[in-house]
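Enquirer: As input, take target_25.txt (compact mmCIF, C-alpha atoms):
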```txt
# COMPACT_ATOMS: atom_id res chain seq x y z
CA MET S 1 0.00 0.00 0.00
CA THR S 2 3.04 2.24 0.01
CA ASP S 3 2.30 3.76 -3.41
CA LEU S 4 -1.47 3.96 -3.04
CA LEU S 5 -1.50 7.55 -1.82
CA LYS S 6 0.58 8.58 -4.84
CA GLU S 7 -2.04 7.08 -7.15
CA LEU S 8 -5.03 8.46 -5.19
CA PRO S 9 -3.90 11.46 -3.12
CA ASP S 10 -7.50 12.49 -2.36
CA ILE S 11 -8.12 9.45 -0.14
CA GLN S 12 -6.10 11.10 2.62
CA GLY S 13 -8.28 11.02 5.74
CA CYS S 14 -10.55 8.24 4.45
CA TYR S 15 -10.45 5.12 6.59
CA LEU S 16 -9.09 1.98 4.91
CA LEU S 17 -9.43 -1.62 6.00
CA THR S 18 -6.22 -3.60 5.44
CA PRO S 19 -6.16 -7.30 4.49
CA THR S 20 -5.17 -8.10 8.09
CA GLY S 21 -8.26 -6.40 9.48
CA THR S 22 -6.70 -3.13 10.62
CA LEU S 23 -8.42 0.25 10.29
CA GLY S 24 -6.39 3.34 9.57
CA CYS S 25 -5.89 6.23 7.19
CA TYR S 26 -3.25 8.20 5.35
CA ARG S 27 -2.35 11.51 6.94
CA GLN S 28 -0.58 14.63 5.78
CA ASP S 29 2.84 13.08 6.31
CA GLY S 30 1.99 10.58 3.53
CA ARG S 31 2.16 7.60 5.87
CA PHE S 32 -0.55 5.11 6.77
CA HIS S 33 -1.48 5.42 10.43
CA THR S 34 -3.25 2.57 12.20
CA ASP S 35 -6.16 3.45 14.50
CA ALA S 36 -5.69 0.74 17.12
CA ASP S 37 -8.53 1.89 19.37
CA LEU S 38 -11.08 1.96 16.57
CA THR S 39 -9.83 -1.35 15.16
CA GLN S 40 -10.33 -2.98 18.55
CA ALA S 41 -13.72 -1.36 19.10
CA MET S 42 -14.98 -2.64 15.73
CA ALA S 43 -13.27 -6.01 15.87
CA GLY S 44 -16.53 -7.96 15.75
CA VAL S 45 -17.83 -6.06 12.72
CA ILE S 46 -14.47 -6.38 10.93
CA ASP S 47 -14.23 -10.13 11.63
CA LYS S 48 -17.70 -10.70 10.22
CA PHE S 49 -16.82 -8.86 7.03
CA LEU S 50 -13.46 -10.62 6.59
CA GLN S 51 -14.97 -14.07 7.07
CA GLU S 52 -17.41 -13.44 4.24
CA TYR S 53 -14.77 -11.86 2.03
CA ARG S 54 -12.15 -14.59 2.54
CA SER S 55 -14.66 -17.28 1.68
CA THR S 56 -15.71 -15.66 -1.60
CA GLN S 57 -12.95 -13.16 -2.53
CA ASP S 58 -15.88 -11.01 -3.66
CA THR S 59 -17.04 -7.66 -2.27
CA ARG S 60 -20.12 -7.13 -4.41
CA TRP S 61 -22.45 -7.89 -1.49
CA SER S 62 -21.01 -4.98 0.50
CA ARG S 63 -19.67 -2.66 -2.22
CA LEU S 64 -21.01 0.89 -2.21
CA GLY S 65 -18.89 2.20 -5.05
CA ILE S 66 -15.41 2.63 -6.48
CA ILE S 67 -12.91 5.50 -6.35
CA HIS S 68 -10.53 6.34 -9.17
CA MET S 69 -8.65 9.30 -10.60
CA ASP S 70 -10.31 9.42 -14.04
CA HIS S 71 -12.29 12.67 -13.96
CA THR S 72 -12.16 13.31 -17.70
CA ASP S 73 -15.00 15.60 -18.80
CA LYS S 74 -16.11 16.03 -15.16
CA SER S 75 -16.66 19.37 -13.48
CA TRP S 76 -14.53 18.34 -10.49
CA LYS S 77 -10.76 17.95 -10.36
CA SER S 78 -10.64 15.51 -7.46
CA ALA S 79 -10.96 11.73 -7.54
CA THR S 80 -14.26 10.30 -8.74
CA LEU S 81 -16.61 8.09 -6.72
CA ALA S 82 -18.97 5.93 -8.82
CA PHE S 83 -21.93 4.44 -6.92
CA ALA S 84 -23.15 0.86 -7.18
CA ASP S 85 -26.66 0.37 -8.56
CA ASP S 86 -28.39 -0.40 -5.26
CA VAL S 87 -26.79 2.62 -3.59
CA LEU S 88 -27.76 4.84 -6.50
CA ARG S 89 -31.38 3.77 -6.15
CA ARG S 90 -31.37 4.68 -2.46
CA LEU S 91 -29.60 8.02 -2.79
CA TYR S 92 -31.68 9.08 -5.80
CA PRO S 93 -35.09 7.41 -5.51
CA VAL S 94 -37.65 7.83 -8.26
CA ALA S 95 -41.40 7.56 -8.08
CA SER S 96 -41.67 4.65 -10.50
CA VAL S 97 -39.18 2.17 -11.92
CA ARG S 98 -39.78 0.37 -15.19
CA ASP S 99 -38.34 -3.13 -15.59
CA GLY S 100 -35.78 -2.37 -12.88
CA ARG S 101 -33.87 -0.07 -15.22
CA MET S 102 -32.09 3.06 -14.07
CA THR S 103 -33.60 6.37 -15.09
CA ASN S 104 -31.54 8.99 -16.90
CA PHE S 105 -31.69 11.09 -13.75
CA GLN S 106 -30.12 8.29 -11.70
CA LEU S 107 -27.46 7.55 -14.30
CA ARG S 108 -26.45 11.22 -14.43
CA ASN S 109 -25.74 11.05 -10.71
CA ARG S 110 -23.80 7.79 -10.64
CA GLU S 111 -20.46 9.61 -10.56
CA GLN S 112 -19.67 12.33 -8.04
CA SER S 113 -16.50 13.90 -6.76
CA LEU S 114 -14.99 11.75 -4.00
CA PHE S 115 -15.82 14.35 -1.36
CA ARG S 116 -19.42 14.90 -2.44
CA GLY S 117 -19.99 11.16 -2.86
CA MET S 118 -18.64 10.30 0.58
CA GLU S 119 -20.75 13.06 2.11
CA LEU S 120 -23.89 11.56 0.55
CA LEU S 121 -23.04 8.15 2.01
CA LEU S 122 -22.29 9.57 5.46
CA ASP S 123 -25.51 11.61 5.47
CA TYR S 124 -27.89 8.94 4.18
CA ARG S 125 -30.52 7.69 6.63
CA ASP S 126 -33.23 5.08 6.26
CA SER S 127 -36.65 6.39 7.24
CA ALA S 128 -37.15 3.32 9.46
CA ILE S 129 -34.01 4.07 11.51
CA PRO S 130 -33.32 7.78 10.97
CA GLU S 131 -31.42 8.21 14.23
CA ILE S 132 -28.42 6.05 13.24
CA PRO S 133 -26.15 5.92 10.17
CA TYR S 134 -27.24 3.57 7.41
CA TYR S 135 -23.87 3.23 5.69
CA CYS S 136 -20.45 2.85 7.28
CA PRO S 137 -18.21 3.55 4.24
CA VAL S 138 -14.65 2.24 4.46
CA LEU S 139 -12.11 1.85 1.66
CA ILE S 140 -10.49 -1.43 0.67
CA TYR S 141 -7.70 -1.89 -1.87
CA ARG S 142 -7.84 -5.12 -3.90
CA SER S 143 -5.13 -4.32 -6.47
CA THR S 144 -7.73 -3.78 -9.19
CA THR S 145 -7.86 -1.30 -12.05
CA LEU S 146 -10.68 0.55 -13.74
CA ASP S 147 -11.05 -1.90 -16.65
CA HIS S 148 -12.58 -4.42 -14.20
CA TYR S 149 -15.55 -2.08 -13.57
CA LEU S 150 -16.43 -0.78 -17.02
CA PRO S 151 -20.10 -1.86 -16.92
CA TRP S 152 -20.62 0.70 -14.14
CA LEU S 153 -19.12 3.55 -16.11
CA GLU S 154 -21.37 3.00 -19.15
CA ARG S 155 -18.82 4.36 -21.60
CA PRO S 156 -16.40 2.87 -24.12
CA ALA S 157 -13.18 1.38 -22.77
CA ARG S 158 -10.07 3.54 -22.77
CA GLU S 159 -6.49 2.37 -22.95
CA SER S 160 -5.78 4.20 -19.69
CA ASP S 161 -8.36 2.10 -17.80
CA ARG S 162 -5.85 -0.72 -17.39
CA GLN S 163 -3.50 1.59 -15.51
CA THR S 164 -6.11 3.52 -13.49
CA VAL S 165 -5.96 2.28 -9.89
CA VAL S 166 -9.28 1.62 -8.14
CA VAL S 167 -10.10 1.58 -4.45
CA GLU S 168 -13.45 0.11 -3.48
CA VAL S 169 -15.84 1.62 -0.95
CA ILE S 170 -17.42 -1.12 1.14
CA ASP S 171 -20.06 -0.94 3.86
CA LEU S 172 -18.85 -2.43 7.14
CA LEU S 173 -22.47 -2.59 8.29
CA ALA S 174 -23.56 -4.77 5.36
CA GLY S 175 -25.37 -7.83 6.62
CA LEU S 176 -25.85 -6.51 10.16
CA ALA S 177 -29.26 -6.32 11.79
CA ARG S 178 -30.62 -2.89 12.68
CA SER S 179 -30.02 -3.57 16.37
CA GLN S 180 -26.32 -4.12 15.65
CA ARG S 181 -25.82 -0.89 13.75
CA SER S 182 -26.28 1.48 16.69
CA VAL S 183 -22.87 1.12 18.32
CA PRO S 184 -20.60 3.93 19.56
CA SER S 185 -17.63 2.75 17.49
CA VAL S 186 -19.57 3.27 14.24
CA ALA S 187 -20.48 6.81 15.31
CA ARG S 188 -16.81 7.47 16.11
CA LEU S 189 -15.65 6.22 12.73
CA ILE S 190 -18.21 8.25 10.81
CA ALA S 191 -17.42 11.38 12.85
CA ALA S 192 -13.70 10.95 12.08
CA GLU S 193 -14.36 10.51 8.35
CA ARG S 194 -16.69 13.48 8.26
CA LEU S 195 -14.08 15.67 9.92
CA ALA S 196 -11.47 14.62 7.37
CA ILE S 197 -13.60 14.60 4.22
CA VAL S 198 -16.52 17.03 4.40
CA HIS S 199 -15.04 20.43 3.59
CA PRO S 200 -16.92 22.93 1.39
CA GLU S 201 -13.78 23.98 -0.45
CA ARG S 202 -13.04 20.38 -1.51
CA ARG S 203 -16.35 19.42 -3.07
CA GLN S 204 -18.23 20.44 -6.17
CA ALA S 205 -21.77 20.65 -4.82
CA PRO S 206 -22.06 21.62 -1.13
CA GLY S 207 -24.69 19.82 0.87
CA LEU S 208 -27.19 21.38 3.16
CA GLY S 209 -25.78 20.44 6.54
CA LEU S 210 -26.81 23.81 7.94
CA LEU S 211 -30.39 23.16 6.94
CA ASN S 212 -30.38 19.79 8.65
CA ALA S 213 -28.70 21.24 11.74
CA ALA S 214 -31.29 23.99 11.95
CA ARG S 215 -34.05 21.45 11.61
CA THR S 216 -32.49 19.31 14.35
CA ASP S 217 -32.10 22.32 16.64
CA ALA S 218 -35.73 23.28 16.11
CA VAL S 219 -36.92 19.78 16.97
CA ALA S 220 -34.66 19.68 20.04
CA ASP S 221 -35.99 23.05 21.22
CA ALA S 222 -39.56 21.83 20.82
CA ARG S 223 -38.82 18.68 22.82
CA THR S 224 -37.14 20.72 25.58
CA ARG S 225 -40.15 23.01 25.86
CA ALA S 226 -42.47 20.03 25.97
CA ALA S 227 -40.42 18.31 28.67
CA SER S 228 -40.39 21.40 30.92
CA ALA S 229 -44.09 22.20 30.52
CA PRO S 230 -46.54 21.19 33.28
CA PRO S 231 -48.50 18.01 32.52
CA ALA S 232 -51.68 18.66 30.60
CA PRO S 233 -55.00 16.87 31.17
CA PRO S 234 -55.59 13.97 28.79
CA VAL S 235 -57.48 15.13 25.73
CA VAL S 236 -58.16 13.62 22.35
CA THR S 237 -56.46 15.72 19.67
CA ARG S 238 -55.66 15.43 16.00
CA THR S 239 -51.97 15.66 15.26
CA VAL S 240 -50.92 18.50 13.00
CA ASP S 241 -48.12 17.78 10.54
CA PRO S 242 -44.86 19.53 11.59
CA TYR S 243 -44.72 21.30 8.23
CA VAL S 244 -48.03 22.95 9.06
CA GLY S 245 -47.40 24.17 12.61
CA GLU S 246 -49.70 24.79 15.52
CA HIS S 247 -50.61 28.29 14.38
CA ASN S 248 -52.44 26.79 11.37
CA VAL S 249 -54.84 24.56 13.29
CA GLN S 250 -57.70 26.98 12.67
CA ALA S 251 -56.90 27.24 8.96
CA VAL S 252 -56.89 23.44 8.62
CA ALA S 253 -60.26 23.22 10.38
CA GLU S 254 -61.72 25.91 8.11
CA ILE S 255 -60.56 24.15 4.95
CA GLU S 256 -61.85 20.79 6.18
CA SER S 257 -65.30 22.21 6.88
CA ARG S 258 -65.53 23.88 3.46
CA TYR S 259 -64.01 21.29 1.11
CA ALA S 260 -63.80 17.82 2.66
CA ALA S 261 -67.47 17.00 2.04
CA ASN S 262 -67.05 17.02 -1.75
CA ASN S 263 -63.47 15.68 -1.80
CA PHE S 264 -62.01 19.13 -2.60
CA ARG S 265 -63.73 19.46 -5.97
CA ASP S 266 -64.44 23.12 -5.18
CA TRP S 267 -60.92 23.98 -4.06
CA ASP S 268 -59.70 26.93 -6.13
CA TYR S 269 -55.90 27.10 -6.01
CA GLY S 270 -55.73 30.48 -7.74
CA ALA S 271 -58.11 32.13 -5.31
CA TRP S 272 -56.25 30.84 -2.25
CA PHE S 273 -52.90 31.78 -3.76
CA LYS S 274 -53.98 35.39 -4.30
CA SER S 275 -55.70 35.78 -0.93
CA HIS S 276 -53.22 33.93 1.32
CA SER S 277 -49.77 34.29 -0.27
CA THR S 278 -47.55 37.20 0.70
CA PRO S 279 -47.52 40.17 -1.67
CA GLU S 280 -43.91 39.32 -2.53
CA SER S 281 -44.80 35.77 -3.62
CA THR S 282 -47.77 36.98 -5.61
CA GLU S 283 -45.61 39.50 -7.47
CA ARG S 284 -42.66 37.17 -8.15
CA PHE S 285 -44.36 34.11 -9.56
CA GLY S 286 -48.10 34.72 -9.49
CA GLN S 287 -48.53 36.43 -12.86
CA PRO S 288 -49.09 33.23 -14.91
CA LEU S 289 -52.02 32.22 -12.71
CA ALA S 290 -54.26 34.26 -14.97
CA ALA S 291 -53.79 31.43 -17.48
CA GLU S 292 -53.88 28.65 -14.91
CA GLY S 293 -55.78 26.39 -17.27
CA GLY S 294 -52.62 26.01 -19.31
CA TYR S 295 -50.47 24.96 -16.37
CA GLN S 296 -48.85 21.57 -16.17
CA ARG S 297 -49.44 19.23 -13.26
CA ARG S 298 -47.25 16.48 -11.86
CA SER S 299 -48.66 13.00 -11.36
CA ALA S 300 -49.58 11.61 -7.96
CA ASP S 301 -46.68 9.16 -8.19
CA ASP S 302 -44.23 12.02 -8.84
CA LEU S 303 -45.16 13.56 -5.50
CA ARG S 304 -43.92 10.49 -3.65
CA PHE S 305 -40.38 11.71 -4.28
CA PHE S 306 -40.89 14.19 -1.44
CA GLU S 307 -40.57 12.89 2.13
CA ARG S 308 -43.84 14.56 3.08
CA PHE S 309 -45.79 12.37 0.65
CA GLU S 310 -43.81 9.13 0.36
CA SER S 311 -46.24 7.05 2.49
CA GLN S 312 -49.37 9.00 1.66
CA ASN S 313 -52.61 7.48 0.39
CA HIS S 314 -52.85 7.59 -3.41
CA GLU S 315 -56.24 9.33 -3.32
CA ALA S 316 -54.73 12.21 -1.35
CA LEU S 317 -51.87 12.58 -3.81
CA GLN S 318 -54.29 12.62 -6.73
CA ILE S 319 -56.15 15.55 -5.19
CA ILE S 320 -52.96 17.46 -4.37
CA SER S 321 -51.43 16.90 -7.82
CA ALA S 322 -54.66 17.80 -9.65
CA LYS S 323 -55.10 21.01 -7.68
CA SER S 324 -51.48 22.21 -7.69
CA PRO S 325 -50.05 23.88 -10.79
CA VAL S 326 -46.34 23.66 -11.61
CA PHE S 327 -44.62 27.04 -11.52
CA ARG S 328 -41.78 27.77 -13.93
CA VAL S 329 -39.54 30.81 -13.44
CA PRO S 330 -36.31 31.91 -15.19
CA ALA S 331 -32.80 32.14 -13.79
CA GLY S 332 -32.20 35.14 -11.57
CA THR S 333 -35.60 35.07 -9.85
CA LEU S 334 -35.76 35.79 -6.12
CA LEU S 335 -38.18 33.19 -4.77
CA LEU S 336 -38.07 33.52 -1.00
CA ASP S 337 -36.81 36.05 1.53
CA ALA S 338 -34.99 35.17 4.73
CA GLY S 339 -37.08 35.93 7.79
CA THR S 340 -40.47 35.42 6.16
CA HIS S 341 -43.19 33.51 7.96
CA ASP S 342 -46.12 32.15 5.99
CA SER S 343 -48.14 28.95 5.53
CA TRP S 344 -46.70 27.93 2.17
CA ASN S 345 -43.79 25.69 1.21
CA LEU S 346 -41.78 25.43 -1.99
CA TYR S 347 -41.14 21.93 -3.36
CA LEU S 348 -38.32 21.99 -5.94
CA LEU S 349 -38.99 19.82 -9.02
CA SER S 350 -36.15 20.72 -11.37
CA GLY S 351 -33.41 23.26 -11.87
CA GLU S 352 -30.77 24.81 -9.62
CA ILE S 353 -31.31 27.24 -6.76
CA ALA S 354 -29.04 29.03 -4.29
CA LEU S 355 -29.82 29.43 -0.61
CA VAL S 356 -28.06 32.30 1.16
CA ALA S 357 -27.91 32.51 4.95
CA ALA S 358 -27.75 35.71 6.99
CA ASP S 359 -23.99 35.28 7.48
CA GLY S 360 -23.46 35.07 3.72
CA ALA S 361 -22.97 31.31 3.58
CA ARG S 362 -24.22 30.04 0.23
CA TYR S 363 -25.62 26.60 -0.59
CA GLN S 364 -26.69 25.11 -3.89
CA LEU S 365 -29.59 22.71 -4.37
CA SER S 366 -30.64 20.72 -7.44
CA GLY S 367 -34.14 19.47 -8.17
CA GLY S 368 -34.34 15.69 -7.84
CA SER S 369 -31.35 15.42 -5.47
CA PRO S 370 -31.67 13.74 -2.04
CA SER S 371 -31.58 17.12 -0.25
CA ALA S 372 -34.50 18.33 -2.39
CA ARG S 373 -36.85 15.73 -0.90
CA GLN S 374 -37.76 18.27 1.79
CA PRO S 375 -39.39 21.64 1.10
CA VAL S 376 -36.94 24.45 0.47
CA ALA S 377 -36.15 26.62 3.52
CA TYR S 378 -39.30 25.44 5.24
CA LEU S 379 -38.34 26.36 8.84
CA LYS S 380 -40.25 29.52 9.81
CA PRO S 381 -39.16 32.24 9.98
CA ARG S 382 -37.04 31.24 7.01
CA LEU S 383 -33.30 30.98 7.56
CA PHE S 384 -32.38 31.59 3.91
CA SER S 385 -33.17 33.75 0.94
CA VAL S 386 -33.63 31.64 -2.20
CA ASN S 387 -32.67 32.60 -5.76
CA THR S 388 -32.83 30.61 -8.98
CA ILE S 389 -29.56 29.81 -10.77
CA SER S 390 -31.24 28.22 -13.78
CA GLU S 391 -34.80 27.93 -15.00
CA VAL S 392 -36.67 26.24 -12.17
CA GLU S 393 -39.90 24.28 -11.79
CA PHE S 394 -41.53 23.97 -8.40
CA LEU S 395 -44.76 23.46 -6.49
CA TRP S 396 -45.95 26.18 -4.12
CA LEU S 397 -48.24 24.37 -1.68
CA TYR S 398 -50.55 25.78 0.98
CA GLU S 399 -49.77 23.52 3.94
CA PRO S 400 -53.14 23.73 5.73
CA MET S 401 -54.80 22.44 2.54
CA ILE S 402 -52.27 19.59 2.30
CA GLU S 403 -52.92 18.64 5.93
CA ALA S 404 -56.68 18.68 5.40
CA VAL S 405 -56.40 16.42 2.35
CA LYS S 406 -54.14 14.02 4.22
CA ARG S 407 -56.64 13.77 7.04
CA LEU S 408 -59.39 12.99 4.58
CA HIS S 409 -57.28 10.20 3.07
CA PRO S 410 -54.95 8.87 5.80
CA ALA S 411 -51.48 7.57 5.06
CA ARG S 412 -50.98 3.98 4.01
CA LEU S 413 -50.20 1.67 6.91
CA GLY S 414 -47.40 -0.87 6.83
CA THR S 415 -45.70 0.70 3.84
CA ALA S 416 -42.81 -1.53 2.84
CA GLN S 417 -39.33 -0.07 2.72
CA PRO S 418 -37.50 -0.18 -0.62
CA VAL S 419 -35.78 -3.51 -1.17
CA MET S 420 -32.11 -3.45 -2.11
CA PRO S 421 -31.65 -5.56 -5.26
```
Output the file's structure as structure tokens, nothing else.
Expert:
Amino acid sequence: MTDLLKELPDIQGCYLLTPTGTLGCYRQDGRFHTDADLTQAMAGVIDKFLQEYRSTQDTRWSRLGIIHMDHTDKSWKSATLAFADDVLRRLYPVASVRDGRMTNFQLRNREQSLFRGMELLLDYRDSAIPEIPYYCPVLIYRSTTLDHYLPWLERPARESDRQTVVVEVIDLLAGLARSQRSVPSVARLIAAERLAIVHPERRQAPGLGLLNAARTDAVADARTRAASAPPAPPVVTRTVDPYVGEHNVQAVAEIESRYAANNFRDWDYGAWFKSHSTPESTERFGQPLAAEGGYQRRSADDLRFFERFESQNHEALQIISAKSPVFRVPAGTLLLDAGTHDSWNLYLLSGEIALVAADGARYQLSGGSPSARQPVAYLKPRLFSVNTISEVEFLWLYEPMIEAVKRLHPARLGTAQPVMP
């Protein structure tokens, strides 16, 4: 492994598993440093992996992707991380899959810069166990070159592929039960990798860690307030979706009383947009509503891309999709202001937007990416101003209406989690 860092200098800081079962990483001095404490703490997990590997000499069952230095025609200059099919399906889910084939959207996202790709793996959570990491990405060097993995790259072979060194990314948690994944040593390993790898200046497309942190802080604050409040008498209540907020309980009740009886046939999106949106929103992207009949709609299945709707009853999604026009605005449009507080949320469908925090920090978000599964800047008052970088399509949804529809058609129970092929 002495020459590995020369071939792949960007793997510095990434944890590698050696053939003898030792965890460590290359540091700035160019030497491989063993992490004895972490190796000992994860001995059971490592032994389980090595037993399987030594019996088959195959890592496909645990392989998350491959890392190599061929970034020809890529926007990044760092090493490239190419995801395995099953990982790609999890990181970039689509509403419907035909014959098990990848969509063009998924294929476009197979390759990322090493730093962006590792960040996606470290950030990914399964909705069934959101409190613990789903992947534990570790590198393993098997003396292979890029020509062994050409079916993944979906391009013609190049002469250089036979000399391009490849390091595989494997998941040390592969094959473990959910109860075995929540161990302190895994959290330590992931924290160490994140510290070494996730740096805004090293990646092409920054993630939205600040958004997630703000969301976590808000939830923690709410739980703290609830814990310190005096006990309330037992009452029967109807839970309001967190995207809606307690202040909208009356609005939800009003909409239910007016529209639930006829399954929202009389719901007039244009009228509610003009009467309940802020003047700024009405001015910026409300002009085309005069010709609302010509608007496009997205299908009910398309809405399942968003976390808010992924387990929702199909009848509810049909109503929401039928009643919600798709907005299209050009590059350079200011969509949202920081500090605003309203009852609407923006769901990004396509295009690129920039989110700018009060301290000037800037984040970029693409429609269809994992981070776009949540509404844009939905914490109120909003923490970011939002501008379009390219032409953008989005839904602008009135949350009390969404909540009322969901109550009329409750979520599906026992929804199965996606199965890894």
Enquirer: Give the answer as one residue: which of S:Phe305, S:Glu352, S:Arg142, S:Cys14 has the shortest atom-to-atom distance to Arg90 (chain S), using all atoms listed in the file?
Expert: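 Closest residue, counting all atoms listed in the file: S:Phe305.
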Enquirer: Compare S:Gln364, S:Thr282, S:Thr22, S:Ser324 by their minimum atom-to-atom distance to Phe384 (chain S), counting only C-alpha atoms, and give me the closest one.
Expert: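 Using only C-alpha atoms, Phe384 (chain S) sits closest to S:Gln364.
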Enquirer: Please report the interatomic distance between CA of Tyr26 (chain S) and CA of Leu189 (chain S) in Å with one decimal.
Expert: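 Rounded to one decimal, the two atoms are 14.6 Å apart.
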Enquirer: Identify which of the residues S:Ala43, S:Ala338, S:Val166, S:Ala251 lies closest to Leu139 (chain S), counting only C-alpha atoms when measuring atom-to-atom distances.
Expert: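 Residue with the minimum atom-to-atom distance to Leu139 (chain S): S:Val166.
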Enquirer: Considering all atoms listed in the file, can you say which of S:Ile402, S:Tyr92, S:Val249, S:Glu393 comes closest to Tyr269 (chain S)?
Expert: S:Ile402
Enquirer: Can you work out the spacing between CA of Val376 (chain S) and CA of Ala361 (chain S) in Å, to one decimal?
Expert: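 Distance reported for this atom pair: 15.9 Å.
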Enquirer: Using Å and a single decimal, report how far CA of Asp123 (chain S) sits from CA of Tyr378 (chain S).
Expert: 19.5 Å
Enquirer: Set the distance at 10 Å and use only C-alpha atoms: which residues neighbour Ser127 (chain S) once local chain neighbours fewer than 3 positions away are removed? I'd like the list as a PDB file with C-alpha atoms, in the frame of the given file.
Expert:
```pdb
ATOM      1  CA  TYR S 124     -27.890   8.940   4.180  1.00  0.00           C
ATOM      2  CA  PRO S 130     -33.320   7.780  10.970  1.00  0.00           C
ATOM      3  CA  GLU S 131     -31.420   8.210  14.230  1.00  0.00           C
ATOM      4  CA  TYR S 134     -27.240   3.570   7.410  1.00  0.00           C
ATOM      5  CA  GLU S 307     -40.570  12.890   2.130  1.00  0.00           C
ATOM      6  CA  GLN S 417     -39.330  -0.070   2.720  1.00  0.00           C
TER       7      GLN S 417
END
```
Enquirer: From the list S:Leu8, S:Ala377, S:Ala271, S:Leu17, which residue is nearest His68 (chain S) when using all atoms listed in the file?
Expert: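 Of the candidates, the smallest distance to His68 (chain S) is held by S:Leu8.
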Enquirer: Identify which of the residues S:Ala357, S:Leu5, S:Ala191, S:Ala316 lies closest to Asn263 (chain S), counting all atoms listed in the file when measuring atom-to-atom distances.
Expert: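 For Asn263 (chain S), the nearest of the given residues is S:Ala316.
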Enquirer: Would you mind writing region 387-400 of chain S with N, CA and C atoms, as a tab-separated table (two decimals), in the coordinates of the input?
Expert:
```
chain	number	residue	atom	x	y	z
S	387	ASN	N	-32.72	32.06	-4.40
S	387	ASN	CA	-32.67	32.60	-5.76
S	387	ASN	C	-32.48	31.45	-6.75
S	388	THR	N	-33.00	31.63	-7.95
S	388	THR	CA	-32.83	30.61	-8.98
S	388	THR	C	-31.52	30.84	-9.72
S	389	ILE	N	-30.79	29.76	-9.98
S	389	ILE	CA	-29.56	29.81	-10.77
S	389	ILE	C	-29.85	29.49	-12.23
S	390	SER	N	-30.80	28.58	-12.44
S	390	SER	CA	-31.24	28.22	-13.78
S	390	SER	C	-32.76	28.36	-13.83
S	391	GLU	N	-33.35	28.02	-14.96
S	391	GLU	CA	-34.80	27.93	-15.00
S	391	GLU	C	-35.23	26.85	-14.01
S	392	VAL	N	-36.27	27.11	-13.27
S	392	VAL	CA	-36.67	26.24	-12.17
S	392	VAL	C	-38.16	25.93	-12.26
S	393	GLU	N	-38.50	24.69	-11.95
S	393	GLU	CA	-39.90	24.28	-11.79
S	393	GLU	C	-40.12	23.89	-10.34
S	394	PHE	N	-41.27	24.29	-9.80
S	394	PHE	CA	-41.53	23.97	-8.40
S	394	PHE	C	-43.04	23.97	-8.13
S	395	LEU	N	-43.40	23.38	-7.02
S	395	LEU	CA	-44.76	23.46	-6.49
S	395	LEU	C	-44.76	24.43	-5.32
S	396	TRP	N	-45.79	25.23	-5.23
S	396	TRP	CA	-45.95	26.18	-4.12
S	396	TRP	C	-47.25	25.76	-3.41
S	397	LEU	N	-47.10	25.04	-2.31
S	397	LEU	CA	-48.24	24.37	-1.68
S	397	LEU	C	-48.65	25.05	-0.39
S	398	TYR	N	-49.96	25.21	-0.24
S	398	TYR	CA	-50.55	25.78	0.98
S	398	TYR	C	-50.69	24.66	2.00
S	399	GLU	N	-49.87	24.66	3.04
S	399	GLU	CA	-49.77	23.52	3.94
S	399	GLU	C	-51.06	23.17	4.69
S	400	PRO	N	-51.88	24.13	5.11
S	400	PRO	CA	-53.14	23.73	5.73
S	400	PRO	C	-54.04	22.90	4.79
```
